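**Student:** Handing over target-v6.cif, mmCIF, C-alpha atoms.
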```cif
data_coords
#
loop_
_atom_site.label_atom_id
_atom_site.label_comp_id
_atom_site.auth_asym_id
_atom_site.auth_seq_id
_atom_site.Cartn_x
_atom_site.Cartn_y
_atom_site.Cartn_z
CA MET A 174 11.95 -13.57 -9.38
CA GLY A 175 15.52 -14.53 -10.23
CA SER A 176 16.65 -17.33 -12.49
CA SER A 177 17.44 -19.54 -9.49
CA HIS A 178 13.95 -18.98 -8.11
CA LYS A 179 12.46 -19.88 -11.46
CA SER A 180 14.42 -23.13 -11.64
CA LEU A 181 13.41 -24.11 -8.11
CA ARG A 182 9.75 -23.38 -8.81
CA ILE A 183 9.87 -25.53 -11.94
CA ILE A 184 11.43 -28.38 -9.97
CA SER A 185 8.64 -28.14 -7.37
CA ILE A 186 6.09 -28.50 -10.18
CA LEU A 187 7.85 -31.49 -11.76
CA THR A 188 8.22 -33.39 -8.48
CA PHE A 189 4.45 -33.57 -8.12
CA ILE A 190 4.24 -35.87 -11.16
CA PRO A 191 6.06 -38.89 -9.64
CA ALA A 192 4.80 -38.16 -6.12
CA PHE A 193 1.14 -38.58 -7.04
CA PRO A 194 1.21 -42.27 -8.11
CA LEU A 195 3.76 -43.26 -5.45
CA CYS A 196 1.79 -41.75 -2.55
CA ILE A 197 -1.54 -43.10 -3.84
CA ALA A 198 -0.10 -46.60 -4.28
CA HIS A 199 1.42 -46.64 -0.82
CA GLY A 200 -1.80 -45.37 0.78
CA VAL A 201 -3.94 -48.01 -0.96
CA LEU A 202 -1.59 -50.92 -0.17
CA SER A 203 -0.76 -49.97 3.42
CA ASN A 204 -4.06 -48.37 4.49
CA HIS A 205 -1.98 -45.65 6.17
CA PRO A 206 -2.51 -41.92 5.62
CA VAL A 207 1.18 -41.03 5.47
CA PRO A 208 2.91 -40.22 3.19
CA ALA A 209 -0.20 -39.97 1.01
CA VAL A 210 -1.34 -36.90 2.97
CA GLY A 211 1.77 -35.16 1.65
CA LEU A 212 -0.01 -34.73 -1.68
CA VAL A 213 -1.93 -31.81 -0.18
CA PRO A 214 1.11 -29.55 0.45
CA LEU A 215 2.66 -30.80 -2.78
CA ALA A 216 -0.46 -29.69 -4.70
CA PHE A 217 -0.36 -26.27 -3.05
CA SER A 218 3.35 -26.03 -3.83
CA ALA A 219 2.82 -26.81 -7.52
CA SER A 220 -0.15 -24.43 -7.78
CA GLY A 221 1.78 -21.60 -6.15
CA ALA A 222 4.77 -22.18 -8.41
CA ILE A 223 2.54 -22.09 -11.51
CA PHE A 224 0.92 -18.87 -10.30
CA LEU A 225 4.25 -17.15 -9.65
CA LEU A 226 5.71 -18.23 -12.97
CA ARG A 227 2.62 -17.05 -14.82
CA ARG A 228 2.70 -13.80 -12.89
CA ARG A 229 6.24 -13.20 -14.08
CA ALA A 230 5.29 -14.03 -17.69
CA VAL A 231 2.37 -11.57 -17.85
CA GLU A 232 3.91 -8.92 -15.62
CA HIS A 233 4.38 -6.48 -18.50
CA GLY A 234 0.92 -7.02 -20.02
CA SER A 235 -1.47 -4.13 -20.56
CA GLY A 236 -5.21 -3.68 -20.87
CA ASP A 237 -8.17 -2.91 -18.61
CA ASP A 238 -8.99 -6.50 -17.69
CA GLU A 239 -5.34 -7.42 -17.29
CA GLU A 240 -4.70 -4.31 -15.21
CA GLU A 241 -7.49 -5.23 -12.80
CA SER A 242 -6.27 -8.81 -12.51
CA SER A 243 -2.65 -7.69 -12.17
CA ARG A 244 -3.56 -5.69 -9.06
CA LEU A 245 -4.87 -8.81 -7.36
CA ALA A 246 -1.89 -10.82 -8.59
CA ALA A 247 0.50 -8.18 -7.23
CA LYS A 248 -1.09 -8.50 -3.79
CA LEU A 249 -0.94 -12.30 -3.87
CA SER A 250 2.68 -12.29 -5.04
CA HIS A 251 3.88 -9.90 -2.34
CA PRO A 252 7.29 -11.03 -1.00
CA VAL A 253 6.04 -11.26 2.59
CA LEU A 254 3.09 -13.42 1.56
CA VAL A 255 5.29 -15.66 -0.59
CA PHE A 256 7.73 -16.05 2.32
CA THR A 257 4.86 -17.02 4.65
CA CYS A 258 3.57 -19.61 2.17
CA ASP A 259 7.04 -21.12 1.75
CA VAL A 260 7.43 -21.44 5.53
CA ILE A 261 3.99 -23.06 5.94
CA LEU A 262 4.57 -25.53 3.09
CA ALA A 263 8.01 -26.46 4.38
CA ALA A 264 6.61 -27.05 7.87
CA ALA A 265 3.70 -29.13 6.53
CA MET A 266 6.01 -31.35 4.49
CA MET A 267 8.34 -31.84 7.45
CA VAL A 268 5.37 -32.94 9.60
CA VAL A 269 4.37 -35.52 6.96
CA LEU A 270 7.96 -36.77 6.74
CA VAL A 271 8.31 -37.13 10.50
CA PHE A 272 5.07 -39.10 10.80
CA THR A 273 6.18 -41.29 7.89
CA TRP A 274 9.51 -42.05 9.54
CA ILE A 275 7.99 -42.92 12.93
CA ALA A 276 5.15 -44.98 11.48
CA PRO A 277 5.35 -48.73 12.17
CA GLY A 278 7.08 -50.51 9.33
CA GLY A 279 5.29 -53.14 7.27
CA SER A 280 6.67 -55.37 4.63
CA PRO A 281 9.99 -54.51 3.00
CA SER A 282 8.24 -53.72 -0.25
CA LEU A 283 5.94 -51.18 1.43
CA SER A 284 8.89 -49.64 3.27
CA MET A 285 10.74 -49.27 -0.04
CA LEU A 286 7.63 -47.75 -1.64
CA ALA A 287 7.29 -45.29 1.24
CA ALA A 288 10.96 -44.33 0.87
CA TYR A 289 10.44 -43.57 -2.83
CA ALA A 290 7.26 -41.60 -2.04
CA THR A 291 9.05 -39.40 0.46
CA ILE A 292 11.74 -38.31 -2.03
CA PRO A 293 9.51 -35.67 -3.70
CA LEU A 294 8.52 -34.45 -0.24
CA LEU A 295 12.18 -34.11 0.75
CA VAL A 296 12.99 -32.22 -2.46
CA ASN A 297 10.07 -29.80 -2.00
CA PHE A 298 10.88 -29.30 1.66
CA THR A 299 14.45 -28.34 0.74
CA ILE A 300 13.25 -26.00 -2.02
CA HIS A 301 10.78 -24.13 0.17
CA LEU A 302 13.26 -23.94 3.03
CA LEU A 303 15.91 -22.42 0.76
CA LEU A 304 13.45 -19.96 -0.75
CA ALA A 305 12.19 -18.91 2.69
CA LEU A 306 15.71 -18.41 4.04
CA GLU A 307 16.78 -16.40 1.01
CA ALA A 308 13.64 -14.25 1.16
CA PHE A 309 14.19 -13.63 4.87
CA TYR A 310 17.85 -12.74 4.28
CA THR A 311 17.13 -10.24 1.52
CA GLY A 312 13.79 -8.94 2.79
CA LEU A 313 15.18 -7.82 6.14
CA ALA A 314 18.62 -6.85 4.76
CA ILE A 315 20.45 -9.15 7.18
CA HIS A 316 23.85 -8.39 5.62
CA SER A 317 23.36 -4.63 5.99
CA LEU A 318 22.03 -5.05 9.52
CA VAL A 319 25.11 -7.03 10.52
CA GLN A 320 27.36 -4.32 9.10
CA TRP A 321 25.37 -1.63 10.89
CA LEU A 322 25.69 -3.50 14.20
CA ALA A 323 29.42 -4.01 13.63
CA TRP A 324 29.92 -0.28 13.10
CA ARG A 325 28.19 0.37 16.44
CA THR A 326 31.21 -1.07 18.23
CA LEU A 327 33.39 1.78 16.93
CA PRO A 328 33.26 5.38 18.18
CA PRO A 329 30.74 7.48 16.25
CA ASP A 330 33.28 10.10 15.10
CA CYS A 331 36.80 9.84 13.78
CA PRO A 332 39.30 11.07 16.41
CA HIS A 333 41.40 12.85 13.73
CA CYS A 334 38.99 14.41 11.22
CA HIS A 335 35.87 14.26 13.45
CA GLU A 336 33.75 12.85 10.63
CA ASN A 337 30.88 10.48 11.26
CA LEU A 338 31.98 6.86 10.85
CA ARG A 339 28.74 5.04 11.49
CA PRO A 340 26.46 4.44 8.50
CA PRO A 341 22.75 5.17 8.78
CA PHE A 342 20.24 2.48 9.57
CA PRO A 343 19.75 0.35 6.44
CA GLN A 344 16.48 0.30 4.58
CA LEU A 345 14.51 -2.94 4.87
CA PRO A 346 12.99 -3.97 1.51
CA TRP A 347 9.94 -5.61 3.10
CA LEU A 348 9.07 -2.56 5.16
CA GLU A 349 9.62 -0.26 2.19
CA ARG A 350 7.28 -2.35 0.04
CA ILE A 351 4.58 -2.32 2.73
CA ARG A 352 4.98 1.43 3.24
CA GLN A 353 4.73 2.15 -0.49
CA ARG A 354 1.66 -0.06 -0.76
CA ARG A 355 -0.07 1.79 2.08
CA GLN A 356 0.75 5.18 0.60
CA HIS A 357 -0.62 4.05 -2.75
CA ASP A 358 -3.84 2.59 -1.34
CA ASP A 359 -4.66 5.29 1.21
CA TYR A 360 -6.67 8.28 0.04
CA ALA A 361 -8.31 11.23 1.74
CA ALA A 362 -11.92 12.09 1.04
CA LEU A 363 -12.39 15.74 0.10
CA PHE A 364 -15.55 17.57 1.12
CA VAL A 365 -15.84 20.83 -0.78
CA ASP A 366 -18.80 23.19 -0.75
CA ASP A 367 -20.23 24.66 -3.91
CA GLU A 368 -18.58 28.02 -3.32
CA HIS A 369 -15.03 26.59 -3.36
CA ARG A 370 -15.67 23.71 -5.74
CA TYR A 371 -13.27 23.45 -8.63
CA ARG A 372 -14.68 24.55 -11.96
CA ASP A 373 -13.14 24.31 -15.40
CA GLU A 374 -12.30 27.70 -16.84
CA GLU A 375 -12.99 28.67 -20.40
CA GLU A 376 -10.28 29.95 -22.67
CA GLY A 377 -9.48 33.62 -22.11
CA GLU A 378 -11.30 33.69 -18.77
CA GLU A 379 -9.39 34.61 -15.66
CA PRO A 380 -9.42 32.22 -12.74
CA ILE A 381 -12.09 32.92 -10.13
CA HIS A 382 -9.69 33.44 -7.25
CA VAL A 383 -7.60 35.85 -9.36
CA ALA A 384 -10.67 37.89 -10.33
CA GLU A 385 -11.87 38.08 -6.73
CA HIS A 386 -8.42 39.14 -5.57
CA GLU A 387 -8.20 41.91 -8.17
CA GLN A 388 -11.69 43.14 -7.30
CA HIS A 389 -10.77 43.27 -3.63
CA GLU A 390 -7.58 45.25 -4.37
CA ASP A 391 -9.50 47.72 -6.60
CA MET A 392 -11.95 48.39 -3.80
CA GLN A 393 -9.10 49.07 -1.37
CA HIS A 394 -7.13 51.41 -3.67
CA SER A 395 -10.05 53.31 -5.24
CA PRO A 396 -10.75 56.75 -3.58
CA VAL A 397 -13.95 57.05 -1.56
CA GLN A 398 -16.43 59.43 -3.26
CA PRO A 399 -18.04 61.90 -0.78
CA GLN A 400 -21.81 62.07 -0.73
CA PRO A 401 -23.47 65.49 -1.27
CA VAL A 402 -24.85 67.03 1.92
CA GLU A 403 -27.44 69.86 1.89
CA VAL A 404 -26.36 72.82 4.06
CA ARG A 405 -28.97 75.30 5.29
CA LYS A 406 -28.47 78.71 6.80
CA LYS A 407 -29.28 79.42 10.39
CA LYS A 408 -31.98 82.02 9.57
CA ASP A 409 -33.77 79.69 7.24
CA ARG A 410 -33.80 77.05 9.92
CA LYS A 411 -35.28 79.50 12.51
CA GLY A 412 -37.96 80.98 10.27
CA LYS A 413 -39.02 77.72 8.93
CA THR A 414 -41.42 76.00 11.28
CA THR A 415 -43.04 72.72 10.98
CA PRO A 416 -46.74 73.03 10.17
CA PRO A 417 -49.06 71.43 12.68
CA SER A 418 -50.39 68.16 11.67
CA GLU A 419 -54.07 68.13 10.86
CA ASP A 420 -55.98 65.35 12.47
CA PRO A 421 -58.65 63.71 10.37
CA PRO A 422 -62.19 64.78 11.35
CA SER A 423 -63.89 62.44 13.79
CA PRO A 424 -67.38 61.30 12.97
CA TRP A 425 -68.42 61.77 16.66
CA ASN A 426 -67.65 65.55 16.73
CA PRO A 427 -70.56 67.86 15.80
#
```
Give the structure from the file, written as structure tokens.
**Tutor:**
Amino acid sequence: MGSSHKSLRIISILTFIPAFPLCIAHGVLSNHPVPAVGLVPLAFSASGAIFLLRRRAVEHGSGDDEEESSRLAAKLSHPVLVFTCDVILAAAMMVVLVFTWIAPGGSPSLSMLAAYATIPLLVNFTIHLLLALEAFYTGLAIHSLVQWLAWRTLPPDCPHCHENLRPPFPQLPWLERIRQRRQHDDYAALFVDDEHRYRDEEEGEEPIHVAEHEQHEDMQHSPVQPQPVEVRKKKDRKGKTTPPSEDPPSPWNP
């Protein structure tokens, strides 16, 4: 938040002080809802300004509780959300002003009181409109987009040196903030079995995958040991006969 934004937010807070008694007095004397209904957007405007100013004051705070609350505050103070709130508040105040201007006039004193009550609404409407326009101009990089479109009217390459003349598409701050937020919030769940689960290694112990790799290489490079085979001569194999198997005696034979 720049210094100009801070000054405008402070003005939106201060304008609520005279608007409250003026709108209440006009509503009680005239029995008409406008411009007294304008206190609702004025209250939201003052509350939002206090929140944003406090957010800027404690932006560099540290601590567990403050860190958890700062995450929520960072989401609520996102530039796109602030721009949307400024547009809604400006539109709501303009609606109250239009209905106040077209309302049937009463006594001159009530008309003068209504005119005084609408001054804070006019000031806040102008503030929120300026803040919304500035946020839209910077958030979508309107100046860079206009330059990029102007360069599109020229040929892409220089006819003499054949270098590229057109600049690349400008980066949009709002889209970059949203993209960074999504990359920070997204995470992938990892499902790992017990065999490949990560384990802390003790000092002096080789990593598991290194040990398995070395064991596999040793098995490949180590020579294969032949197994001893008993060799018999041909004569021994011919003379050697297998003795007949003796059947167990049957109890039914005599």
**Student:** With distances taken over only C-alpha atoms, which of A:Ala222, A:Leu306, A:Leu202, A:Ala263 is nearest to A:Leu294?
**Tutor:**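 Closest to A:Leu294 of all the choices is A:Ala263.
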**Student:** With all atoms listed in the file as the counted atoms, please give the residues lying no more than 12 Å from A:Leu187, apart from itself and same-chain residues fewer than 3 positions off, as a PyMOL selection string.
**Tutor:** chain A and resi 180-184+190-193+215-216+218-220+222-223+293-294+296-297
**Student:** Please, could you write that set of residues out with C-alpha atoms as a PDB file, in the frame of the given file?
**Tutor:**
```
ATOM      1  CA  SER A 180      14.420 -23.130 -11.640  1.00  0.00           C
ATOM      2  CA  LEU A 181      13.410 -24.110  -8.110  1.00  0.00           C
ATOM      3  CA  ARG A 182       9.750 -23.380  -8.810  1.00  0.00           C
ATOM      4  CA  ILE A 183       9.870 -25.530 -11.940  1.00  0.00           C
ATOM      5  CA  ILE A 184      11.430 -28.380  -9.970  1.00  0.00           C
ATOM      6  CA  ILE A 190       4.240 -35.870 -11.160  1.00  0.00           C
ATOM      7  CA  PRO A 191       6.060 -38.890  -9.640  1.00  0.00           C
ATOM      8  CA  ALA A 192       4.800 -38.160  -6.120  1.00  0.00           C
ATOM      9  CA  PHE A 193       1.140 -38.580  -7.040  1.00  0.00           C
ATOM     10  CA  LEU A 215       2.660 -30.800  -2.780  1.00  0.00           C
ATOM     11  CA  ALA A 216      -0.460 -29.690  -4.700  1.00  0.00           C
ATOM     12  CA  SER A 218       3.350 -26.030  -3.830  1.00  0.00           C
ATOM     13  CA  ALA A 219       2.820 -26.810  -7.520  1.00  0.00           C
ATOM     14  CA  SER A 220      -0.150 -24.430  -7.780  1.00  0.00           C
ATOM     15  CA  ALA A 222       4.770 -22.180  -8.410  1.00  0.00           C
ATOM     16  CA  ILE A 223       2.540 -22.090 -11.510  1.00  0.00           C
ATOM     17  CA  PRO A 293       9.510 -35.670  -3.700  1.00  0.00           C
ATOM     18  CA  LEU A 294       8.520 -34.450  -0.240  1.00  0.00           C
ATOM     19  CA  VAL A 296      12.990 -32.220  -2.460  1.00  0.00           C
ATOM     20  CA  ASN A 297      10.070 -29.800  -2.000  1.00  0.00           C
TER      21      ASN A 297
END
```
**Student:** Near A:Cys196, within 10 Å and counting all atoms listed in the file, which residues show up once chain neighbours fewer than 3 positions away are dropped, as an mmCIF file with C-alpha atoms, in the frame of the given file?
**Tutor:**
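Below is the file selection27.cif, written as the result:
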```cif
data_model
loop_
_atom_site.group_PDB
_atom_site.id
_atom_site.type_symbol
_atom_site.label_atom_id
_atom_site.label_comp_id
_atom_site.auth_asym_id
_atom_site.auth_seq_id
_atom_site.Cartn_x
_atom_site.Cartn_y
_atom_site.Cartn_z
ATOM 1 C CA PRO A 191 6.060 -38.890 -9.640
ATOM 2 C CA ALA A 192 4.800 -38.160 -6.120
ATOM 3 C CA PHE A 193 1.140 -38.580 -7.040
ATOM 4 C CA HIS A 199 1.420 -46.640 -0.820
ATOM 5 C CA GLY A 200 -1.800 -45.370 0.780
ATOM 6 C CA VAL A 201 -3.940 -48.010 -0.960
ATOM 7 C CA PRO A 206 -2.510 -41.920 5.620
ATOM 8 C CA VAL A 207 1.180 -41.030 5.470
ATOM 9 C CA PRO A 208 2.910 -40.220 3.190
ATOM 10 C CA ALA A 209 -0.200 -39.970 1.010
ATOM 11 C CA VAL A 210 -1.340 -36.900 2.970
ATOM 12 C CA GLY A 211 1.770 -35.160 1.650
ATOM 13 C CA LEU A 212 -0.010 -34.730 -1.680
ATOM 14 C CA LEU A 286 7.630 -47.750 -1.640
ATOM 15 C CA ALA A 287 7.290 -45.290 1.240
ATOM 16 C CA TYR A 289 10.440 -43.570 -2.830
ATOM 17 C CA ALA A 290 7.260 -41.600 -2.040
ATOM 18 C CA THR A 291 9.050 -39.400 0.460
ATOM 19 C CA PRO A 293 9.510 -35.670 -3.700
#
```
**Student:** Would you please work out which residue, of A:Glu307, A:Pro340, A:Phe217, A:Val255, is nearest to A:Ser185 when using all atoms listed in the file?
**Tutor:** A:Phe217
**Student:** So which one's closest to A:Ala305, A:Val260, A:Leu338, A:Ala276, A:Leu225? Using all atoms listed in the file, please.
**Tutor:**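 Among the listed residues, the smallest separation from A:Ala305 belongs to A:Val260.
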**Student:** Atom CA of A:Phe256 and atom CA of A:Leu303 are how many Å apart?
**Tutor:** 10.5 Å
**Student:** May I ask for the distance between atom CA of A:Pro329 and atom CA of A:Gln344, given in Å to one decimal place?
**Tutor:** 19.8 Å
**Student:** Between A:Trp321, A:His333, A:Val269, A:Pro214, single out the one closest to A:Ile186, counting all atoms listed in the file.
**Tutor:**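 Smallest separation from A:Ile186 among the options: A:Pro214.
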**Student:** For A:Thr311, please output as a count of residues only all residues within 12 Å (counting all atoms listed in the file; exclusion window: fewer than 2 positions along the same chain).
**Tutor:** 21
**Student:** Which distance in Å separates atom CA of A:Cys258 and atom CA of A:His301, to one decimal?
**Tutor:**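 One can read the atom CA of A:Cys258 to atom CA of A:His301 distance as 8.7 Å.
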**Student:** Edge lengths and centre, in Å to one decimal, as lines of an AutoDock Vina configuration file: that's what I need for the box along x, y and z that holds all listed atoms of stretch 297-312 of chain A plus 5 Å on each side.
**Tutor:**
```
center_x = 14.0
center_y = -19.4
center_z = 1.4
size_x = 17.8
size_y = 30.9
size_z = 16.9
```
